[in-house]
Amino acid sequence: MFLSLRHSARAFVVPLRNDASLRHYNPPTRKLATTSSRLFSSSTTTEESQAASSPPTSSPVPYPFDHVESKWQAFWEENKTFKTPERNTSRPKKYVLDMFPYPSGAGLHVGHPEGYTASDVMARYWRMTGHDVLHPIGWDSFGLPAEQFAVQTGAQPADTTKANIANFKRQLKMLGFSYDWDRELATTDINYVKWTQWIFLQLFKKGLAEQSEVSVNWCPALGTVLANEEVINGKSERGDHPVMRLPLRQWVLKITNYADRLEAGLDGLDWPSGTLTAQQQWIGKSTGCEIVFDVEGNNSESVRVFTTRPDTLMGVTYVTLAPEHPLVSALTTPEQKEAVDKYVAETSSRSDLDRTSSKEKTGVFTGGYVTHPLSGEKVPAWVGDYVLGSYGTGAVMAVPAHDSRDFEFAKAFDLEIKWVVKPKEGELNEEEAFTEPGVSMNSGEFDGMTTDKCKEAVTKKLQEKNKGGAKITYKLRDWVFSRQRYWGEPIPIYFPVDFPQGVDAKTQNPASDGCEHTIRYDQPVPVDEADLPLELPLMEDFKPGDDPAGCLARAKDWRYFEKDGKWFARETNTMPQWAGSCWYYLRFLDPKNNNEAFSKQADKDWMPVDLYVGGAEHAVLHLLYARFWHQVLFDLGYTEHPEPFQKLVHQGMILGSDGEKMSKSRGNVVNPDDIVTDQGADALRLYEMFMGPLEAVKPWQTSQVAGVVRFQNKVYNVVKVAAENNETEMDVETTRLLHKTMKKVTEDIKSMSFNTAISAMMVLTNHLQTLKEKVPLEAAEKLSLMVSPFAPHLGEECWSILGNTESLAYHPWVEYDETLCVDDEITMGVQVNGKARGEITIPADADEETAMAAAKEVDRVMNQIEGKEIKKIIYVPGRILNIIVK
C-alpha cells in the first residue's frame, strides 16, 4: 500500500508512515521567495495580531471541528500513530516530557493544557524533522489531597484516584496530544510501587536512607507532619489546626551527601536562569570558618558556630542558640531556668518559616557564658528563635555592628555593639549595621587589614589555637522522607519485636490488645527484593489520628507478622508524594519491564530528557529530589547519564479573566470541556499558544478565542479552494511570502516562540485568501504542514482534503530557500543627529552612497541637513542611516 502526495502539478509516491524511509522523504522544493520583513519580526505586531480578524474575500465554509476532531482522534488511536518507535541510532532522538500531572477530582482547567500543548508542538515538529520521539504521559496519583478527598467522601482513595485519572485521560485525549498511551503509568500502579520501593532499598543499602530523631511540625488533627510552608502562625494552612514542634522518629534521605554534586551538575544545563539560581540558593554552599566557643565552667562542652565573616570575630558581644540546641540546658543557670523553659515551650509550635520571616526579635538570656576563642573574654549566651536548630550548627556568634539581624536583636535587648570594621572611604554610620567589606579596626593585631586579608589571618590564628578553621557548609538539609498517612508507598522496612524477659514469644501475638512488646526501631531490616511490592492493606478507617506512628499502626494484622518463628513489625510511615515523581521519567523508558525498573539499553537509547516542560513552582524541590535520585542511580551504574533533564522550560501561569489565579473559591475557573464543545480542541490549542510568549503570565479571555477560530476557518477554506481548483502557478509575491513564512515558523518553533509562529501563518493565510480561486497547491500543502503541530486535527484534515490518504505526522517538515527569504527592496529609517526624520526604500544590497542619495529625496531629511556640514554618516545596511550634522 502506498501514499500519494500531490506536490504542485506533479505526483510523488512514497511508502506509508510505518516505513522508516518516509521520515526521510524530501519532496522537491521549488525555489521560491518572500515579502516585507517587518511582518516577521521576533514579536507579534499589531498588524499580525489583527490578521485573524481581517475580512475574507468570499463567504467561508464553516470548519466542522467537532466531526474532524473525533475522526482524527479515532484514527490516531486505531493506528497507534504516536507509538514510540524502536530506536534507530542512525536517526537523532528527542525525549519530550511533561511534568507529571496530578489527577485531582476537579479535572483540568484551561491553564493546565498550556504546557502540554507546548511540548506537543515540539514532539510533532521533531517527528516531522526525522527524529525518533518518545512522548509519554502518566499520573502522580499518591498524596494527601487524594486521601483527604476520600476521607471527606467516604470512598477508598484507590477508587477516587482511578476515577480522577479516567477524567483527566479523557480530557487530554480530546485535546489531541500525541502521547504514546501504551506507556501510560501511575505512581499508584502496584508494579510502579514495586520499583519505587526497590529504589528506596538501594538508598538504604548505600547508607543514604536512615532513621533520625528530627524536630518536625506535627499536626494531630491531620495526623501528619507538615512542611514549613504549610504552617502559618503555629497552625496548619489546611484546616487551621494547631501544630506542635516535636522530635519524631523519621526516615531521612541523606541528600546532603550530594550537595556538591547537585550544585556542580547545574553547569551545562539549559534551564531558566531563575531556576538555576533557586537551586543554587537552596543548596546554599558557603565557604567560611567554623569557630569554637568553650562553655564557661564546663571544659567538656563547646558551642560551634559557622560564619562567612571571621574578620568580625573581635566584634562578638554575645552568642545566640536556637531553642532546640542541645546545650541550652547546660548553659542555663538555675535563676534563668523558668524563663528559658517557658520561652522554649512557646517557640515549639512555630515553624521554621514563621521564625525566620518574623520581624519581631524575641529571646531570653540563659544566664550562662562562653569564652571568646581569641580574646578569652566572657561572652553571654542567649536563646533566640530566629536561629534554627536545623540550619548550620544551630548557633550564631552575634556581631551586631556588622549583621543586620544581630543589630536588631541587640537594639531590642540593649546589648553591647562593638564596631570592628569601617568603610575604606567615608564615615562609619553607627545608626545601622555596616555589612560591607572594609578595613578592620578595634581588632588588635588585625587592625588595618582589608576584609579579605583579615578573614585569612583570623582563620589561620584559630587553626593554630585549635579553636576552629576553614569550612564549607550548605543550607541544604537532609530530606525528611516519612509521612504519617495512608495513601502513599509503604516503606519496605520492618523491625524485630521483643517481649519481656521470660515470656515465650511463641505464645505471644503483638497484634492482640494488651500484648506487651517492644519494637526494635534500632534494628531496621530491609524487605527482600524478591518479596516486593509491599502493598498497602485495605483499611475501612484510614482517617488520620493523633498517633505519630501513622494510621497504618492501626492495621495490626498487616503491621505484625511472623517469620522463621520470630515476630516483626512493619514500618508504618509511608513515602511522600515526591517519591513517585522522582523517577517516573525513567520508568517511561521501559514501563512493561517486570524484571528491572528500566533496562540499560532503554536508558542508552532515550536518556537524558531533551525537553522537560512544567511549572516554575517545581523549580526547587521536585527537580532537586529527582536529580538526587538520578545521581544515586548513576553512581550505582543503572544509568549512564549524570543528569536527567537537559532542557527545562517553565510555561507561564494562565490567570482567570479577573487577573487572579484560577480557583473554585474565586469562581474564575474555565473548563476546557466548554471551550472544546463550543469551538474545538484546535481553537483552544491555538489560542493558548497565541496568547503571548510561553513563559509569560497571561489572563484568559474566552471572547478572544474567536480570533483563532477565524484563522482556522480561513486555513480550512484556502486549502479547500486549492484542492478544488488544482492551481499550480505561484506568483513572485506569494512565493516570497511562503518561503519567508516557512523560515519564520521553523525558527520560531525551534525557539518555542509559538505566538509569533502563528502570527506568521495568519499573515500567509490572509494573503492566500486574496488570491481567491488561484490558491497554489504548494502553498496550501506547506501551510497544512506548518499548522499541524499547533492544530493537529485541522492539519490532518487539510492534508486529507489535498488528496493524501494517510497521516502527515511523519511527513518531512517544510524546507525553505534562504535566498528567497531576503527582500529585493527594504524600507529603513533615516535619522539626523539620532532623531528619526523619515524612511527610504532602497535595494537590499544598497551601499552608503545609494542610501544617502535616497535620503536626500526625503523632504523632512533635507530640511534638517540642507546648508549644514555633514560631520559623519553612520550606515548599517538594512537597519539604519544616521546623518550627523554640525
# chains A, B, ... in the order shown; residues from 1 in each chain; ligands from 1

call {"tool": "select_by_dssp", "arguments": {"residues": "range 246-420 of chain A", "states": "helix (DSSP H, G or I)", "output": "VMD selection string"}}
result
chain A and resid 255 to 264 273 to 283 310 to 315 328 to 331 334 to 347 352 to 357 400 to 402 404 to 413

call {"tool": "residues_around", "arguments": {"residues": "range 692-709 of chain A", "least_positions_apart": "2", "cutoff": "9 Å", "atoms": "only C-alpha atoms", "output": "MDAnalysis selection string"}}
result
chainID A and resid 43:44 49:53 63 110:111 114:115 118 649:661 670 675 679:680 682:684 686:690 711:714 752:756

call {"tool": "atom_distance", "arguments": {"atom1": "CA of Cys289 in chain A", "atom2": "CA of Ser357 in chain A"}}
result
25.7 Å

call {"tool": "residues_around", "arguments": {"residues": "His67 in chain A", "least_positions_apart": "3", "cutoff": "12 Å", "atoms": "only C-alpha atoms", "output": "PyMOL selection string"}}
result
chain A and resi 62-64+70-74+677+679-681+793-794+797

call {"tool": "write_last_selection", "arguments": {"atoms": "all heavy atoms", "output": "CSV table (one decimal), in the first residue's frame"}}
result
chain,number,residue,atom,x,y,z
A,62,PRO,N,-18.0,27.0,7.1
A,62,PRO,CA,-17.6,26.7,8.5
A,62,PRO,C,-16.7,25.4,8.6
A,62,PRO,O,-17.1,24.4,8.0
A,62,PRO,CB,-18.9,26.6,9.2
A,62,PRO,CG,-19.9,27.3,8.3
A,62,PRO,CD,-19.4,27.1,6.9
A,63,TYR,N,-15.7,25.5,9.4
A,63,TYR,CA,-14.8,24.4,9.6
A,63,TYR,C,-15.5,23.4,10.6
A,63,TYR,O,-15.8,23.8,11.7
A,63,TYR,CB,-13.5,24.8,10.2
A,63,TYR,CG,-12.6,23.8,10.8
A,63,TYR,CD1,-12.2,22.6,10.0
A,63,TYR,CD2,-12.1,23.9,12.1
A,63,TYR,CE1,-11.4,21.7,10.6
A,63,TYR,CE2,-11.3,22.9,12.6
A,63,TYR,CZ,-11.0,21.8,11.9
A,63,TYR,OH,-10.2,20.8,12.4
A,64,PRO,N,-15.8,22.2,10.2
A,64,PRO,CA,-16.6,21.3,11.0
A,64,PRO,C,-15.7,20.6,12.1
A,64,PRO,O,-15.4,19.4,12.0
A,64,PRO,CB,-17.2,20.3,10.0
A,64,PRO,CG,-16.1,20.2,8.9
A,64,PRO,CD,-15.6,21.6,8.8
A,70,SER,N,-13.0,14.4,16.2
A,70,SER,CA,-13.3,13.0,16.6
A,70,SER,C,-12.8,12.0,15.6
A,70,SER,O,-12.3,10.9,16.0
A,70,SER,CB,-14.8,12.8,16.9
A,70,SER,OG,-15.6,13.1,15.7
A,71,LYS,N,-12.9,12.4,14.3
A,71,LYS,CA,-12.4,11.5,13.3
A,71,LYS,C,-10.9,11.2,13.4
A,71,LYS,O,-10.5,10.1,13.3
A,71,LYS,CB,-12.7,12.2,11.9
A,71,LYS,CG,-12.0,11.6,10.7
A,71,LYS,CD,-12.2,12.5,9.5
A,71,LYS,CE,-11.3,12.1,8.4
A,71,LYS,NZ,-11.5,13.0,7.2
A,72,TRP,N,-10.1,12.3,13.6
A,72,TRP,CA,-8.7,12.1,13.6
A,72,TRP,C,-8.2,11.5,14.9
A,72,TRP,O,-7.2,10.7,15.0
A,72,TRP,CB,-8.0,13.4,13.3
A,72,TRP,CG,-8.1,13.6,11.8
A,72,TRP,CD1,-8.9,14.5,11.2
A,72,TRP,CD2,-7.4,12.9,10.8
A,72,TRP,NE1,-8.7,14.5,9.8
A,72,TRP,CE2,-7.8,13.5,9.5
A,72,TRP,CE3,-6.5,11.9,10.7
A,72,TRP,CZ2,-7.4,13.0,8.3
A,72,TRP,CZ3,-6.0,11.4,9.5
A,72,TRP,CH2,-6.5,12.0,8.3
A,73,GLN,N,-8.9,11.8,16.0
A,73,GLN,CA,-8.5,11.1,17.3
A,73,GLN,C,-8.7,9.6,17.2
A,73,GLN,O,-7.9,8.8,17.7
A,73,GLN,CB,-9.3,11.8,18.4
A,73,GLN,CG,-8.9,13.2,18.8
A,73,GLN,CD,-9.8,13.9,19.7
A,73,GLN,OE1,-10.6,13.2,20.4
A,73,GLN,NE2,-9.7,15.2,19.8
A,74,ALA,N,-9.8,9.2,16.6
A,74,ALA,CA,-10.1,7.8,16.4
A,74,ALA,C,-9.0,7.2,15.5
A,74,ALA,O,-8.6,6.0,15.7
A,74,ALA,CB,-11.5,7.6,15.8
A,677,THR,N,-16.2,22.0,23.4
A,677,THR,CA,-17.5,21.8,22.9
A,677,THR,C,-18.0,22.9,22.0
A,677,THR,O,-18.6,22.7,20.9
A,677,THR,CB,-18.5,21.7,24.1
A,677,THR,OG1,-18.1,20.5,24.8
A,677,THR,CG2,-19.9,21.5,23.6
A,679,GLN,N,-16.0,25.5,20.5
A,679,GLN,CA,-15.1,26.0,19.5
A,679,GLN,C,-14.0,25.0,19.0
A,679,GLN,O,-13.3,25.3,18.0
A,679,GLN,CB,-14.5,27.3,19.9
A,679,GLN,CG,-15.5,28.4,20.1
A,679,GLN,CD,-15.0,29.6,20.9
A,679,GLN,OE1,-14.5,29.5,22.0
A,679,GLN,NE2,-15.1,30.8,20.3
A,680,GLY,N,-13.9,23.9,19.7
A,680,GLY,CA,-13.0,22.9,19.2
A,680,GLY,C,-11.6,22.9,20.0
A,680,GLY,O,-11.2,23.9,20.6
A,681,ALA,N,-11.0,21.7,20.0
A,681,ALA,CA,-9.7,21.5,20.7
A,681,ALA,C,-8.6,22.3,20.0
A,681,ALA,O,-7.8,22.9,20.7
A,681,ALA,CB,-9.4,20.0,20.7
A,793,HIS,N,-5.6,18.4,14.3
A,793,HIS,CA,-6.8,17.9,13.7
A,793,HIS,C,-7.0,18.7,12.4
A,793,HIS,O,-7.3,18.1,11.3
A,793,HIS,CB,-8.0,18.0,14.5
A,793,HIS,CG,-7.9,17.5,15.9
A,793,HIS,ND1,-7.4,18.3,16.9
A,793,HIS,CD2,-8.1,16.3,16.5
A,793,HIS,CE1,-7.3,17.6,18.1
A,793,HIS,NE2,-7.8,16.4,17.8
A,794,LEU,N,-6.9,20.0,12.4
A,794,LEU,CA,-7.0,20.8,11.3
A,794,LEU,C,-6.0,20.5,10.2
A,794,LEU,O,-6.3,20.4,9.0
A,794,LEU,CB,-6.9,22.3,11.7
A,794,LEU,CG,-6.9,23.3,10.5
A,794,LEU,CD1,-8.2,23.3,9.8
A,794,LEU,CD2,-6.6,24.7,11.1
A,797,GLU,N,-6.8,17.2,8.5
A,797,GLU,CA,-8.0,17.3,7.6
A,797,GLU,C,-7.6,18.0,6.3
A,797,GLU,O,-8.0,17.6,5.2
A,797,GLU,CB,-9.1,18.0,8.3
A,797,GLU,CG,-10.4,18.0,7.6
A,797,GLU,CD,-11.1,16.7,7.4
A,797,GLU,OE1,-10.6,15.7,8.1
A,797,GLU,OE2,-12.0,16.6,6.6

call {"tool": "residues_around", "arguments": {"residues": "Trp813 in chain A", "least_positions_apart": "6", "cutoff": "8 Å", "atoms": "only C-alpha atoms", "output": "list in words"}}
result
Tyr125, Met128, Thr129, Leu785 and Met786 of chain A

call {"tool": "write_last_selection", "arguments": {"atoms": "N, CA and C atoms", "output": "tab-separated table (two decimals), in the first residue's frame"}}
result
chain	number	residue	atom	x	y	z
A	125	TYR	N	6.65	18.47	15.79
A	125	TYR	CA	7.66	19.07	14.89
A	125	TYR	C	8.86	18.14	14.74
A	128	MET	N	8.43	15.23	12.46
A	128	MET	CA	8.45	15.63	11.05
A	128	MET	C	9.84	16.04	10.58
A	129	THR	N	10.76	16.24	11.51
A	129	THR	CA	12.14	16.57	11.13
A	129	THR	C	13.06	15.34	11.24
A	785	LEU	N	1.09	21.62	6.57
A	785	LEU	CA	2.17	21.02	7.36
A	785	LEU	C	2.57	21.92	8.52
A	786	MET	N	2.66	23.22	8.25
A	786	MET	CA	3.11	24.14	9.29
A	786	MET	C	2.10	24.28	10.41

call {"tool": "residues_around", "arguments": {"residues": "Ser178 in chain A", "least_positions_apart": "4", "cutoff": "10 Å", "atoms": "only C-alpha atoms", "output": "PyMOL selection string"}}
result
chain A and resi 73+76-77+80-83+116-117+119-121+123-124+134-137+172-173+789+792+809

call {"tool": "closest_residue", "arguments": {"among": "A:Ser404, A:Asn217, A:Ser482, A:Gln152", "to": "Trp578 in chain A", "atoms": "only C-alpha atoms"}}
result
A:Ser482

call {"tool": "residues_around", "arguments": {"residues": "Thr371 in chain A", "least_positions_apart": "6", "cutoff": "7 Å", "atoms": "only C-alpha atoms", "output": "list of chain:residue names"}}
result
A:Phe293, A:Asp294, A:Val295, A:Glu296, A:Glu377, A:Lys378, A:Val379

call {"tool": "write_last_selection", "arguments": {"atoms": "all heavy atoms", "output": "PDB file, in the first residue's frame"}}
result
ATOM      1  N   PHE A 293      33.547  28.188  70.663  1.00  0.00           N
ATOM      2  CA  PHE A 293      33.437  28.960  71.907  1.00  0.00           C
ATOM      3  C   PHE A 293      33.231  27.965  73.048  1.00  0.00           C
ATOM      4  O   PHE A 293      32.183  27.313  73.122  1.00  0.00           O
ATOM      5  CB  PHE A 293      32.240  29.915  71.847  1.00  0.00           C
ATOM      6  CG  PHE A 293      32.373  31.050  70.874  1.00  0.00           C
ATOM      7  CD1 PHE A 293      32.152  30.860  69.519  1.00  0.00           C
ATOM      8  CD2 PHE A 293      32.726  32.316  71.318  1.00  0.00           C
ATOM      9  CE1 PHE A 293      32.259  31.908  68.621  1.00  0.00           C
ATOM     10  CE2 PHE A 293      32.849  33.376  70.425  1.00  0.00           C
ATOM     11  CZ  PHE A 293      32.623  33.170  69.074  1.00  0.00           C
ATOM     12  N   ASP A 294      34.208  27.829  73.923  1.00  0.00           N
ATOM     13  CA  ASP A 294      34.075  26.910  75.056  1.00  0.00           C
ATOM     14  C   ASP A 294      33.052  27.436  76.060  1.00  0.00           C
ATOM     15  O   ASP A 294      32.956  28.650  76.301  1.00  0.00           O
ATOM     16  CB  ASP A 294      35.424  26.720  75.761  1.00  0.00           C
ATOM     17  CG  ASP A 294      36.420  25.968  74.887  1.00  0.00           C
ATOM     18  OD1 ASP A 294      35.970  25.177  74.035  1.00  0.00           O
ATOM     19  OD2 ASP A 294      37.637  26.183  75.054  1.00  0.00           O
ATOM     20  N   VAL A 295      32.302  26.503  76.655  1.00  0.00           N
ATOM     21  CA  VAL A 295      31.323  26.874  77.676  1.00  0.00           C
ATOM     22  C   VAL A 295      32.057  27.201  78.971  1.00  0.00           C
ATOM     23  O   VAL A 295      32.890  26.415  79.445  1.00  0.00           O
ATOM     24  CB  VAL A 295      30.304  25.730  77.900  1.00  0.00           C
ATOM     25  CG1 VAL A 295      29.377  26.059  79.068  1.00  0.00           C
ATOM     26  CG2 VAL A 295      29.502  25.487  76.629  1.00  0.00           C
ATOM     27  N   GLU A 296      31.774  28.366  79.532  1.00  0.00           N
ATOM     28  CA  GLU A 296      32.408  28.784  80.789  1.00  0.00           C
ATOM     29  C   GLU A 296      32.037  27.807  81.905  1.00  0.00           C
ATOM     30  O   GLU A 296      30.858  27.476  82.097  1.00  0.00           O
ATOM     31  CB  GLU A 296      31.932  30.183  81.181  1.00  0.00           C
ATOM     32  CG  GLU A 296      32.577  31.299  80.401  1.00  0.00           C
ATOM     33  CD  GLU A 296      33.941  31.661  80.957  1.00  0.00           C
ATOM     34  OE1 GLU A 296      34.120  31.661  82.199  1.00  0.00           O
ATOM     35  OE2 GLU A 296      34.845  31.929  80.138  1.00  0.00           O
ATOM     36  N   GLU A 377      37.678  36.623  76.558  1.00  0.00           N
ATOM     37  CA  GLU A 377      36.630  37.309  77.305  1.00  0.00           C
ATOM     38  C   GLU A 377      35.389  36.427  77.456  1.00  0.00           C
ATOM     39  O   GLU A 377      35.135  35.535  76.647  1.00  0.00           O
ATOM     40  CB  GLU A 377      36.235  38.608  76.582  1.00  0.00           C
ATOM     41  CG  GLU A 377      37.344  39.638  76.500  1.00  0.00           C
ATOM     42  CD  GLU A 377      36.932  40.859  75.682  1.00  0.00           C
ATOM     43  OE1 GLU A 377      35.835  40.814  75.080  1.00  0.00           O
ATOM     44  OE2 GLU A 377      37.702  41.826  75.631  1.00  0.00           O
ATOM     45  N   LYS A 378      34.610  36.712  78.516  1.00  0.00           N
ATOM     46  CA  LYS A 378      33.332  36.025  78.704  1.00  0.00           C
ATOM     47  C   LYS A 378      32.282  36.654  77.784  1.00  0.00           C
ATOM     48  O   LYS A 378      32.141  37.870  77.742  1.00  0.00           O
ATOM     49  CB  LYS A 378      32.891  36.143  80.163  1.00  0.00           C
ATOM     50  CG  LYS A 378      33.729  35.347  81.141  1.00  0.00           C
ATOM     51  CD  LYS A 378      33.343  35.655  82.581  1.00  0.00           C
ATOM     52  CE  LYS A 378      31.903  35.321  82.860  1.00  0.00           C
ATOM     53  NZ  LYS A 378      31.530  35.518  84.287  1.00  0.00           N
ATOM     54  N   VAL A 379      31.570  35.805  77.077  1.00  0.00           N
ATOM     55  CA  VAL A 379      30.545  36.264  76.125  1.00  0.00           C
ATOM     56  C   VAL A 379      29.197  35.679  76.557  1.00  0.00           C
ATOM     57  O   VAL A 379      29.079  34.455  76.714  1.00  0.00           O
ATOM     58  CB  VAL A 379      30.880  35.810  74.686  1.00  0.00           C
ATOM     59  CG1 VAL A 379      29.774  36.231  73.726  1.00  0.00           C
ATOM     60  CG2 VAL A 379      32.232  36.367  74.248  1.00  0.00           C
TER      61      VAL A 379
END

call {"tool": "select_by_dssp", "arguments": {"residues": "range 50-245 of chain A", "states": "strand (DSSP E)", "output": "JSON, numbers by chain"}}
result
{"A": [93, 94, 95, 96, 97, 98, 132, 133, 134, 138, 139, 185, 186, 209, 210, 211, 212, 213, 214, 215, 216, 217, 218, 219, 224, 225, 226, 231, 232, 235, 236, 244, 245]}

call {"tool": "write_last_selection", "arguments": {"atoms": "C-alpha atoms", "output": "short mmCIF file (atom, residue, chain, number, x, y, z; two decimals), in the first residue's frame"}}
result
data_model
loop_
_atom_site.label_atom_id
_atom_site.label_comp_id
_atom_site.auth_asym_id
_atom_site.auth_seq_id
_atom_site.Cartn_x
_atom_site.Cartn_y
_atom_site.Cartn_z
CA LYS A 93 16.18 11.19 19.15
CA LYS A 94 14.07 13.51 21.26
CA TYR A 95 12.61 12.65 24.65
CA VAL A 96 9.80 15.16 25.28
CA LEU A 97 8.32 15.13 28.78
CA ASP A 98 5.59 16.98 30.67
CA ASP A 132 12.68 9.28 16.89
CA VAL A 133 10.38 10.77 19.54
CA LEU A 134 9.41 9.49 22.99
CA GLY A 138 1.22 9.27 33.32
CA TRP A 139 -0.15 10.22 36.71
CA LEU A 185 1.57 4.66 34.12
CA ALA A 186 0.55 5.89 37.54
CA ALA A 209 18.35 6.25 53.97
CA GLU A 210 18.44 6.18 57.75
CA GLN A 211 16.29 6.89 60.77
CA SER A 212 16.76 10.01 62.82
CA GLU A 213 15.08 11.97 65.59
CA VAL A 214 14.00 15.07 63.70
CA SER A 215 12.21 18.13 65.02
CA VAL A 216 9.12 18.38 62.82
CA ASN A 217 5.80 20.21 62.55
CA TRP A 218 3.30 17.64 63.85
CA CYS A 219 -0.41 18.30 63.32
CA THR A 224 0.80 14.01 59.69
CA VAL A 225 3.99 16.02 59.60
CA LEU A 226 3.69 19.34 57.74
CA VAL A 231 2.30 26.15 58.87
CA ILE A 232 1.13 29.72 59.45
CA LYS A 235 -1.48 26.46 62.71
CA SER A 236 -1.93 24.27 59.65
CA MET A 244 3.33 21.46 67.60
CA ARG A 245 7.05 21.08 67.21
#

call {"tool": "residues_around", "arguments": {"residues": "Ala381 in chain A", "least_positions_apart": "4", "cutoff": "8 Å", "atoms": "only C-alpha atoms", "output": "PyMOL selection string"}}
result
chain A and resi 318-321+331+365-370

call {"tool": "closest_residue", "arguments": {"among": "A:Val480, A:Ala221, A:Ile291, A:Ala146", "to": "Gly545 in chain A", "atoms": "only C-alpha atoms"}}
result
A:Ala221
